[in-house]
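Asker: Following this line is target-v3.txt, made up of compact mmCIF, C-alpha atoms:
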# COMPACT_ATOMS: atom_id res chain seq x y z
CA MET N 95 11.67 19.59 -20.36
CA ASP N 96 14.66 21.27 -21.97
CA ALA N 97 17.83 19.30 -22.59
CA GLY N 98 19.87 21.25 -20.04
CA LEU N 99 17.48 20.54 -17.16
CA LYS N 100 17.30 16.91 -18.22
CA ARG N 101 21.10 16.59 -18.07
CA GLU N 102 21.15 18.36 -14.70
CA LEU N 103 18.57 16.01 -13.18
CA GLU N 104 20.27 12.96 -14.60
CA ALA N 105 23.61 14.10 -13.17
CA LYS N 106 22.06 14.58 -9.72
CA VAL N 107 20.54 11.09 -9.78
CA TYR N 108 23.77 9.40 -10.82
CA ALA N 109 25.74 11.41 -8.26
CA GLY N 110 23.32 10.34 -5.50
CA GLU N 111 22.27 13.91 -4.68
CA ARG N 112 18.97 14.54 -2.91
CA LEU N 113 16.31 15.85 -5.29
CA THR N 114 14.32 18.97 -4.44
CA ARG N 115 10.67 19.90 -4.68
CA SER N 116 11.27 21.66 -8.02
CA ASP N 117 13.19 18.61 -9.26
CA GLY N 118 10.22 16.37 -8.45
CA ILE N 119 7.78 18.64 -10.28
CA ALA N 120 10.15 18.78 -13.28
CA LEU N 121 10.32 14.98 -13.37
CA TYR N 122 6.52 14.76 -13.46
CA ASP N 123 6.53 17.32 -16.31
CA SER N 124 8.75 15.08 -18.42
CA ASP N 125 7.04 13.07 -21.16
CA ASP N 126 10.08 10.81 -21.61
CA LEU N 127 8.84 7.76 -19.75
CA ALA N 128 11.74 5.56 -20.84
CA TRP N 129 14.22 8.09 -19.44
CA LEU N 130 12.37 8.28 -16.13
CA GLY N 131 12.30 4.49 -15.95
CA ARG N 132 16.03 4.27 -16.61
CA LEU N 133 16.81 6.72 -13.79
CA ALA N 134 14.46 5.03 -11.33
CA HIS N 135 15.73 1.57 -12.29
CA HIS N 136 19.28 2.73 -11.68
CA ARG N 137 18.29 3.85 -8.21
CA ARG N 138 16.33 0.69 -7.34
CA THR N 139 19.23 -1.46 -8.61
CA GLU N 140 21.68 0.45 -6.42
CA LEU N 141 19.46 -0.26 -3.41
CA ASN N 142 18.06 -3.71 -4.13
CA GLY N 143 19.83 -5.27 -7.10
CA ASP N 144 17.62 -7.62 -9.13
CA ARG N 145 15.61 -8.71 -6.09
CA VAL N 146 11.82 -8.40 -5.95
CA MET N 147 10.22 -8.94 -2.57
CA PHE N 148 6.82 -10.47 -1.81
CA ASN N 149 5.08 -12.07 1.13
CA VAL N 150 2.34 -14.60 1.73
CA ASN N 151 -0.38 -12.64 3.43
CA ARG N 152 -4.12 -12.43 3.90
CA HIS N 153 -6.17 -9.25 4.07
CA LEU N 154 -8.92 -9.15 6.66
CA ASN N 155 -11.45 -6.32 6.74
CA LEU N 156 -13.26 -6.88 10.02
CA THR N 157 -16.04 -4.39 9.28
CA ASN N 158 -17.14 -2.14 6.45
CA VAL N 159 -19.38 -0.05 8.73
CA CYS N 160 -17.90 3.43 8.89
CA SER N 161 -18.83 6.74 10.46
CA ALA N 162 -16.95 8.59 7.69
CA SER N 163 -18.12 9.12 4.11
CA CYS N 164 -14.92 9.86 2.22
CA ALA N 165 -15.67 11.08 -1.29
CA TYR N 166 -13.69 8.40 -3.12
CA CYS N 167 -14.59 5.38 -0.94
CA SER N 168 -16.76 2.52 -2.18
CA PHE N 169 -16.03 0.22 0.76
CA GLN N 170 -17.86 2.04 3.55
CA ARG N 171 -21.42 1.22 4.60
CA LYS N 172 -23.69 2.79 7.18
CA PRO N 173 -25.35 0.77 9.97
CA GLY N 174 -28.38 -1.08 8.63
CA GLU N 175 -27.36 -0.97 4.97
CA LYS N 176 -28.03 -4.17 3.06
CA ASP N 177 -24.44 -5.38 2.77
CA ALA N 178 -22.98 -3.82 5.92
CA TYR N 179 -21.11 -6.38 8.02
CA THR N 180 -19.02 -6.78 11.16
CA MET N 181 -17.15 -10.00 11.83
CA ARG N 182 -17.38 -11.84 15.09
CA ILE N 183 -13.96 -12.63 16.51
CA ASP N 184 -14.37 -16.36 15.86
CA GLU N 185 -15.29 -15.60 12.24
CA ALA N 186 -12.13 -13.52 11.79
CA VAL N 187 -10.04 -16.35 13.23
CA ARG N 188 -11.70 -18.89 10.94
CA LYS N 189 -11.00 -16.77 7.85
CA ALA N 190 -7.40 -16.22 8.88
CA LYS N 191 -6.82 -19.95 9.39
CA GLU N 192 -8.07 -20.75 5.87
CA MET N 193 -4.55 -20.00 4.57
CA GLU N 194 -2.65 -21.79 7.33
CA ASP N 195 -1.52 -24.57 4.96
CA GLU N 196 0.09 -22.02 2.62
CA GLN N 197 2.64 -20.99 5.26
CA LEU N 198 0.99 -17.63 5.80
CA THR N 199 3.35 -15.04 7.31
CA GLU N 200 1.18 -11.92 7.67
CA LEU N 201 -2.37 -10.79 8.36
CA HIS N 202 -3.17 -7.30 7.02
CA ILE N 203 -6.18 -5.80 8.83
CA VAL N 204 -7.94 -2.55 7.87
CA ASN N 205 -11.51 -1.57 8.74
CA GLY N 206 -14.16 1.09 8.69
CA LEU N 207 -14.52 3.47 11.63
CA HIS N 208 -17.39 1.60 13.27
CA PRO N 209 -19.58 4.02 15.27
CA THR N 210 -20.62 1.59 18.04
CA LEU N 211 -18.07 -1.24 18.12
CA PRO N 212 -16.26 -0.97 21.48
CA TRP N 213 -12.52 -0.33 21.69
CA ARG N 214 -11.92 -3.61 23.54
CA TYR N 215 -12.99 -5.56 20.43
CA TYR N 216 -9.76 -4.58 18.64
CA PRO N 217 -7.07 -5.80 21.05
CA LYS N 218 -9.24 -8.86 21.71
CA VAL N 219 -9.38 -9.81 18.03
CA LEU N 220 -5.62 -9.39 17.71
CA SER N 221 -4.92 -11.56 20.74
CA GLU N 222 -7.25 -14.31 19.46
CA LEU N 223 -5.68 -14.20 15.99
CA LYS N 224 -2.20 -14.39 17.51
CA ALA N 225 -3.19 -17.34 19.69
CA ALA N 226 -4.60 -19.16 16.67
CA LEU N 227 -1.65 -18.33 14.37
CA PRO N 228 1.33 -17.63 16.65
CA LYS N 229 3.90 -17.50 13.82
CA VAL N 230 1.92 -15.01 11.73
CA LYS N 231 2.76 -11.30 11.97
CA LEU N 232 -0.15 -8.92 12.54
CA LYS N 233 -0.07 -5.73 10.46
CA ALA N 234 -3.22 -3.91 11.47
CA PHE N 235 -5.02 -0.56 11.58
CA THR N 236 -4.34 2.72 9.87
CA ALA N 237 -3.32 5.86 11.74
CA THR N 238 -6.89 7.00 11.05
CA GLU N 239 -8.19 3.99 12.96
CA VAL N 240 -5.80 4.63 15.85
CA GLN N 241 -7.06 8.20 16.10
CA TRP N 242 -10.62 6.80 16.07
CA PHE N 243 -9.63 4.46 18.92
CA GLU N 244 -8.47 7.52 20.86
CA LYS N 245 -11.94 9.01 20.42
CA ILE N 246 -13.93 5.93 21.44
CA SER N 247 -11.64 4.78 24.27
CA GLY N 248 -10.49 8.00 25.91
CA LEU N 249 -6.94 6.63 25.79
CA SER N 250 -3.96 8.28 24.14
CA ALA N 251 -2.39 6.86 20.98
CA ASP N 252 0.64 5.99 23.09
CA GLU N 253 -1.50 3.84 25.42
CA ILE N 254 -3.46 2.37 22.52
CA LEU N 255 -0.32 1.28 20.66
CA ASP N 256 1.05 -0.31 23.83
CA GLU N 257 -2.14 -2.34 24.30
CA LEU N 258 -2.24 -3.39 20.66
CA MET N 259 1.42 -4.40 20.74
CA ASP N 260 0.80 -6.44 23.89
CA ALA N 261 -1.99 -8.17 21.94
CA GLY N 262 0.40 -9.04 19.09
CA LEU N 263 0.51 -6.02 16.78
CA GLU N 264 3.70 -6.03 14.68
CA SER N 265 3.06 -3.00 12.46
CA LEU N 266 0.50 -0.39 11.56
CA THR N 267 -0.69 -0.27 7.96
CA GLY N 268 0.05 2.77 5.78
CA GLY N 269 -3.53 3.76 4.97
CA GLY N 270 -5.37 6.96 5.79
CA ALA N 271 -2.71 9.02 4.04
CA GLU N 272 -4.52 9.72 0.75
CA ILE N 273 -3.02 13.14 -0.17
CA PHE N 274 -1.82 15.25 2.75
CA ASP N 275 -2.08 18.73 1.20
CA TRP N 276 -5.23 20.37 2.57
CA GLU N 277 -5.99 21.95 -0.81
CA VAL N 278 -6.90 18.44 -2.00
CA ARG N 279 -7.58 16.61 1.25
CA GLN N 280 -10.56 18.74 2.27
CA HIS N 281 -12.42 17.57 -0.85
CA ILE N 282 -11.80 13.83 -0.54
CA VAL N 283 -11.57 12.94 3.17
CA ASP N 284 -14.39 12.87 5.72
CA HIS N 285 -12.49 11.77 8.82
CA ALA N 286 -10.52 13.85 11.33
CA CYS N 287 -7.07 12.31 10.82
CA HIS N 288 -4.92 14.63 8.74
CA TRP N 289 -1.16 15.08 8.34
CA GLU N 290 -0.58 16.27 11.90
CA ASP N 291 -2.24 13.23 13.47
CA TRP N 292 -1.16 10.72 10.82
CA SER N 293 2.50 11.72 11.30
CA ARG N 294 2.12 11.88 15.10
CA ILE N 295 0.84 8.31 15.26
CA HIS N 296 3.49 6.87 12.92
CA ARG N 297 6.17 8.80 14.84
CA LEU N 298 4.95 7.10 18.02
CA ALA N 299 4.92 3.70 16.33
CA HIS N 300 8.49 4.19 15.11
CA ALA N 301 9.62 5.24 18.59
CA LYS N 302 8.24 1.92 19.87
CA GLY N 303 10.34 -0.02 17.36
CA MET N 304 7.74 -0.61 14.67
CA LYS N 305 8.65 -0.52 10.99
CA THR N 306 5.62 0.81 9.12
CA PRO N 307 4.61 1.36 5.50
CA SER N 308 3.66 4.72 4.00
CA THR N 309 1.17 5.27 1.18
CA MET N 310 -0.24 7.83 -1.25
CA LEU N 311 -3.59 7.65 -3.07
CA TYR N 312 -3.01 9.19 -6.50
CA GLY N 313 -4.81 9.73 -9.77
CA HIS N 314 -7.96 11.58 -8.65
CA ILE N 315 -8.23 15.39 -8.21
CA GLU N 316 -4.65 16.00 -7.12
CA GLU N 317 -1.91 17.48 -9.32
CA PRO N 318 1.71 16.31 -9.59
CA ARG N 319 2.80 19.07 -7.18
CA HIS N 320 0.55 17.56 -4.52
CA ARG N 321 2.19 14.16 -5.01
CA VAL N 322 5.62 15.73 -4.66
CA ASP N 323 4.54 17.55 -1.50
CA HIS N 324 3.15 14.29 -0.08
CA VAL N 325 6.39 12.41 -0.67
CA LEU N 326 8.55 15.20 0.73
CA ARG N 327 6.53 15.33 3.97
CA LEU N 328 7.09 11.60 4.38
CA ARG N 329 10.76 11.94 3.44
CA GLU N 330 11.23 14.58 6.14
CA LEU N 331 9.53 12.36 8.74
CA GLN N 332 11.74 9.47 7.63
CA ASP N 333 14.81 11.66 8.17
CA GLU N 334 13.60 12.06 11.74
CA THR N 335 12.52 8.52 12.63
CA GLY N 336 13.88 6.05 10.06
CA GLY N 337 10.76 3.95 10.64
CA PHE N 338 9.24 3.72 7.16
CA VAL N 339 10.28 0.52 5.42
CA VAL N 340 8.32 0.95 2.17
CA PHE N 341 6.38 3.51 0.14
CA ILE N 342 3.23 2.36 -1.67
CA PRO N 343 1.55 4.50 -4.35
CA LEU N 344 -2.09 3.37 -4.47
CA ARG N 345 -4.10 4.00 -7.63
CA TYR N 346 -7.48 5.64 -7.08
CA GLN N 347 -10.34 3.43 -8.34
CA HIS N 348 -13.64 4.14 -10.06
CA ASP N 349 -16.82 2.26 -9.18
CA PHE N 350 -17.04 0.09 -12.27
CA VAL N 351 -19.55 -2.04 -10.46
CA ASP N 352 -20.62 -1.87 -6.86
CA SER N 353 -21.84 -4.67 -4.64
CA ALA N 354 -25.32 -5.87 -3.77
CA ASP N 355 -27.24 -2.58 -3.59
CA GLY N 356 -25.90 -1.17 -6.87
CA LYS N 357 -25.11 2.26 -5.44
CA ILE N 358 -22.26 4.39 -6.73
CA ARG N 359 -20.63 5.72 -3.59
CA ASN N 360 -17.70 7.43 -5.25
CA ARG N 361 -18.82 11.09 -5.26
CA ILE N 362 -15.87 12.35 -7.32
CA GLN N 363 -16.18 9.76 -10.07
CA ALA N 364 -17.98 12.04 -12.53
CA ARG N 365 -15.09 14.53 -12.54
CA THR N 366 -12.13 12.17 -12.37
CA THR N 367 -10.31 9.65 -14.52
CA MET N 368 -8.15 6.86 -13.18
CA ALA N 369 -4.43 7.08 -13.76
CA SER N 370 -3.31 5.45 -17.01
CA PRO N 371 -0.62 2.76 -16.94
CA ALA N 372 1.91 5.36 -18.15
CA GLU N 373 0.95 7.75 -15.35
CA SER N 374 1.25 4.95 -12.82
CA LEU N 375 4.73 4.05 -14.05
CA LYS N 376 5.74 7.72 -13.91
CA THR N 377 4.44 7.95 -10.33
CA PHE N 378 6.46 4.90 -9.28
CA ALA N 379 9.59 6.29 -10.95
CA VAL N 380 9.38 9.80 -9.50
CA SER N 381 8.56 8.41 -6.05
CA ARG N 382 11.61 6.14 -6.14
CA LEU N 383 13.85 9.06 -7.21
CA LEU N 384 12.55 11.44 -4.52
CA PHE N 385 12.50 8.86 -1.71
CA ASP N 386 16.23 8.52 -1.13
CA ASN N 387 15.80 7.36 2.48
CA VAL N 388 13.12 4.64 2.20
CA PRO N 389 14.52 1.28 1.09
CA HIS N 390 11.56 -0.16 -0.81
CA VAL N 391 8.80 0.92 -3.21
CA LYS N 392 5.83 -1.39 -3.61
CA CYS N 393 3.35 -1.94 -6.41
CA PHE N 394 0.09 -3.16 -4.89
CA TRP N 395 -0.84 -5.32 -7.87
CA VAL N 396 -4.53 -5.46 -6.94
CA MET N 397 -4.93 -1.76 -7.77
CA HIS N 398 -2.71 -1.69 -10.86
CA GLY N 399 -3.20 -4.98 -12.67
CA LEU N 400 -0.57 -7.63 -13.18
CA SER N 401 0.93 -6.29 -16.42
CA VAL N 402 1.58 -2.87 -14.89
CA ALA N 403 2.93 -4.60 -11.78
CA GLN N 404 5.50 -6.43 -13.90
CA LEU N 405 6.41 -3.26 -15.82
CA SER N 406 6.74 -1.32 -12.58
CA LEU N 407 9.74 -3.46 -11.66
CA ASN N 408 11.64 -1.48 -14.31
CA PHE N 409 10.39 1.84 -12.92
CA GLY N 410 11.76 1.77 -9.38
CA VAL N 411 9.57 -0.88 -7.75
CA ASP N 412 11.12 -3.81 -5.87
CA ASP N 413 8.13 -5.21 -3.95
CA LEU N 414 4.85 -6.70 -5.23
CA ASP N 415 3.03 -7.16 -1.93
CA GLY N 416 1.69 -10.65 -1.47
CA SER N 417 -1.03 -13.20 -1.95
CA VAL N 418 -3.59 -10.73 -0.49
CA VAL N 419 -6.82 -12.83 -0.59
CA GLU N 420 -10.14 -10.98 -0.67
CA TYR N 421 -9.11 -7.34 -0.83
CA LYS N 422 -12.64 -6.00 -0.43
CA ILE N 423 -11.70 -2.31 -0.35
CA THR N 424 -10.85 -2.43 -4.07
CA HIS N 425 -12.88 -5.38 -5.24
CA ASP N 426 -16.11 -3.94 -3.88
CA ALA N 427 -15.63 -1.20 -6.48
CA ASP N 428 -13.89 -2.55 -9.58
CA SER N 429 -14.37 -5.38 -12.01
CA TYR N 430 -11.48 -4.75 -14.38
CA GLY N 431 -9.76 -8.03 -13.89
CA THR N 432 -7.27 -8.38 -11.03
CA PRO N 433 -7.62 -11.73 -9.30
CA ASN N 434 -8.68 -12.01 -5.69
CA THR N 435 -5.76 -14.20 -4.70
CA MET N 436 -2.20 -14.89 -5.85
CA HIS N 437 -0.51 -17.92 -4.39
CA ARG N 438 3.22 -18.22 -3.73
CA ASP N 439 3.86 -19.99 -7.05
CA ASP N 440 1.85 -17.34 -8.93
CA LEU N 441 4.02 -14.59 -7.46
CA LEU N 442 7.24 -16.47 -8.17
CA HIS N 443 6.32 -16.88 -11.83
CA LEU N 444 5.12 -13.27 -12.09
CA ILE N 445 8.53 -12.08 -10.87
CA TRP N 446 10.54 -14.61 -12.90
CA ASP N 447 8.62 -13.73 -16.08
CA ALA N 448 9.57 -10.07 -15.55
CA GLY N 449 13.25 -11.07 -15.38
CA PHE N 450 13.88 -10.62 -11.65
CA ARG N 451 14.82 -12.75 -8.65
CA PRO N 452 12.06 -13.41 -6.07
CA VAL N 453 12.73 -12.90 -2.36
CA GLU N 454 10.08 -13.84 0.19
CA ARG N 455 10.01 -11.43 3.14
CA ASN N 456 8.20 -10.91 6.40
CA THR N 457 6.38 -7.82 7.69
CA ARG N 458 9.62 -6.10 8.74
CA TYR N 459 11.18 -6.79 5.33
CA GLU N 460 13.47 -9.42 6.77
CA VAL N 461 14.27 -12.21 4.31
CA VAL N 462 12.33 -15.44 4.76
CA LYS N 463 13.67 -17.18 1.64
CA GLU N 464 15.73 -16.20 -1.39
CA TYR N 465 14.85 -17.98 -4.62
CA ASP N 466 17.12 -18.74 -7.56
CA PRO N 467 17.15 -16.41 -10.57
CA ALA N 468 14.65 -17.21 -13.29
CA PRO N 469 15.33 -20.51 -15.05
CA SER N 470 15.75 -20.28 -18.80
CA LEU N 471 12.59 -20.19 -20.87
CA ALA N 472 13.49 -23.56 -22.36
CA GLU N 473 13.56 -25.06 -18.88
CA ARG N 474 10.43 -23.31 -17.67
CA ARG N 475 7.74 -23.58 -20.31
CA SER N 476 6.74 -25.37 -23.47
CA GLU N 477 3.86 -22.95 -24.18
CA PRO N 478 3.91 -19.17 -24.68
CA GLN N 479 3.81 -16.98 -21.60
CA GLN N 480 0.34 -15.99 -20.44
CA VAL N 481 -0.52 -12.33 -20.97
CA TRP N 482 -1.76 -11.12 -17.57
CA ALA N 483 -4.84 -8.95 -17.28
Could you express the structure from this file as structure tokens?
Answerer:
Amino acid sequence: MDAGLKRELEAKVYAGERLTRSDGIALYDSDDLAWLGRLAHHRRTELNGDRVMFNVNRHLNLTNVCSASCAYCSFQRKPGEKDAYTMRIDEAVRKAKEMEDEQLTELHIVNGLHPTLPWRYYPKVLSELKAALPKVKLKAFTATEVQWFEKISGLSADEILDELMDAGLESLTGGGAEIFDWEVRQHIVDHACHWEDWSRIHRLAHAKGMKTPSTMLYGHIEEPRHRVDHVLRLRELQDETGGFVVFIPLRYQHDFVDSADGKIRNRIQARTTMASPAESLKTFAVSRLLFDNVPHVKCFWVMHGLSVAQLSLNFGVDDLDGSVVEYKITHDADSYGTPNTMHRDDLLHLIWDAGFRPVERNTRYEVVKEYDPAPSLAERRSEPQQVWA
């Protein structure tokens, strides 16, 4: 990037001007990671100060049986496969209640597109979970799942969302987005939910008062221009609805090790490399700079590792997700070292050690509790800080 363009982009950021498509591509072309981080950190500080949000949540994947065979996915199983599973409703409730003593505030539920499970299972499981844990918010189902529910129920997404909300649904999840540009999407996605339906369903959810997350799966066969296009589509929809509360770049994963049957299900693995830590930090920074109308950017630490998660807080990120617990969609594929669970104290120390102030939130990004700034090192520890994997 030449010095003149660099000065021009920096001036636009500090003046609060909206960045364009060509600006986003130019930012990705820059090899000055420290400069990108400084710009993104300026923007995140304007919006969120030194606060880093987190929540105490549990992920539930009710079934890994899926009618789709997306090229990158290691989670899906076909009926009859050795480690295919579908939870009974009482089993889902039992798993959810395992974290009741930790003051759980959210259940995050994402599943395969089960070919024979009836539609009525889904509102039923939500209503039973809500009855068992009435104070816990239910964030459940991707737009892809809602479109699947349309297919298996004969109902419209509008009717489906109403039923799910009556059963206790607080928010959709942001999944199913991957990369929206058809040039890439046709090679990685095997379901029928593309930009038109994904945006339609989130638009409906926003009209009903939901605040939903948005995501992007990056670091596979896409190019930076596809990432920019993805963000700008979401930014335009946010201009219309104002319903996105957070943007979450999700790092594509290789199958380092697969579960019981030893199969490698990732069909694009041989021709892809995972994003490096530097590329991840660049993606967070550029996303924060382009997304001038979404208040939060999240690092899902499970997919990035804890060191990158801490670094990301200086590259535009102000949310580290939560305690998670058993995120099978990633952990069925990788073995590179992220833990399965982070407890509240783990997250507090992760944020404090990075030099920020923890803020516990709920699903709608309303504050549950604000914590004090980090105590001094002398007060906090007598041994050197652990280096996180």
Asker: Would you mind listing what lies within 10 Å of N:Tyr216 as number ranges by chain, with only C-alpha atoms counted and same-chain residues fewer than 2 positions away left out?
Answerer: N: 156, 183, 211-214, 218-221, 234-235, 243, 257-258, 261
Asker: Using all atoms listed in the file, determine which residues lie at most 8 Å from stretch 189-202 of chain N, disregarding the query and same-chain residues fewer than 4 positions distant; provide the list as a PyMOL selection string.
Answerer: chain N and resi 149-154+185+223+226-227+229-234+267+456-457
Asker: In Å, with one decimal, what is the gap from atom CA of N:Ala165 to atom CA of N:His281?
Answerer: 7.3 Å
Asker: For atom CA of N:Ala271 and atom CA of N:Thr309, determine how far apart the two atoms are, in Å to one decimal place.
Answerer: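 Computed distance, atom CA of N:Ala271 to atom CA of N:Thr309, equals 6.1 Å.
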Asker: Find, counting only C-alpha atoms, the residue in N:Glu290, N:Asp440, N:Glu330, N:Glu373 that gets nearest to N:Glu317.
Answerer: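 Using only C-alpha atoms, N:Glu317 sits closest to N:Glu373.
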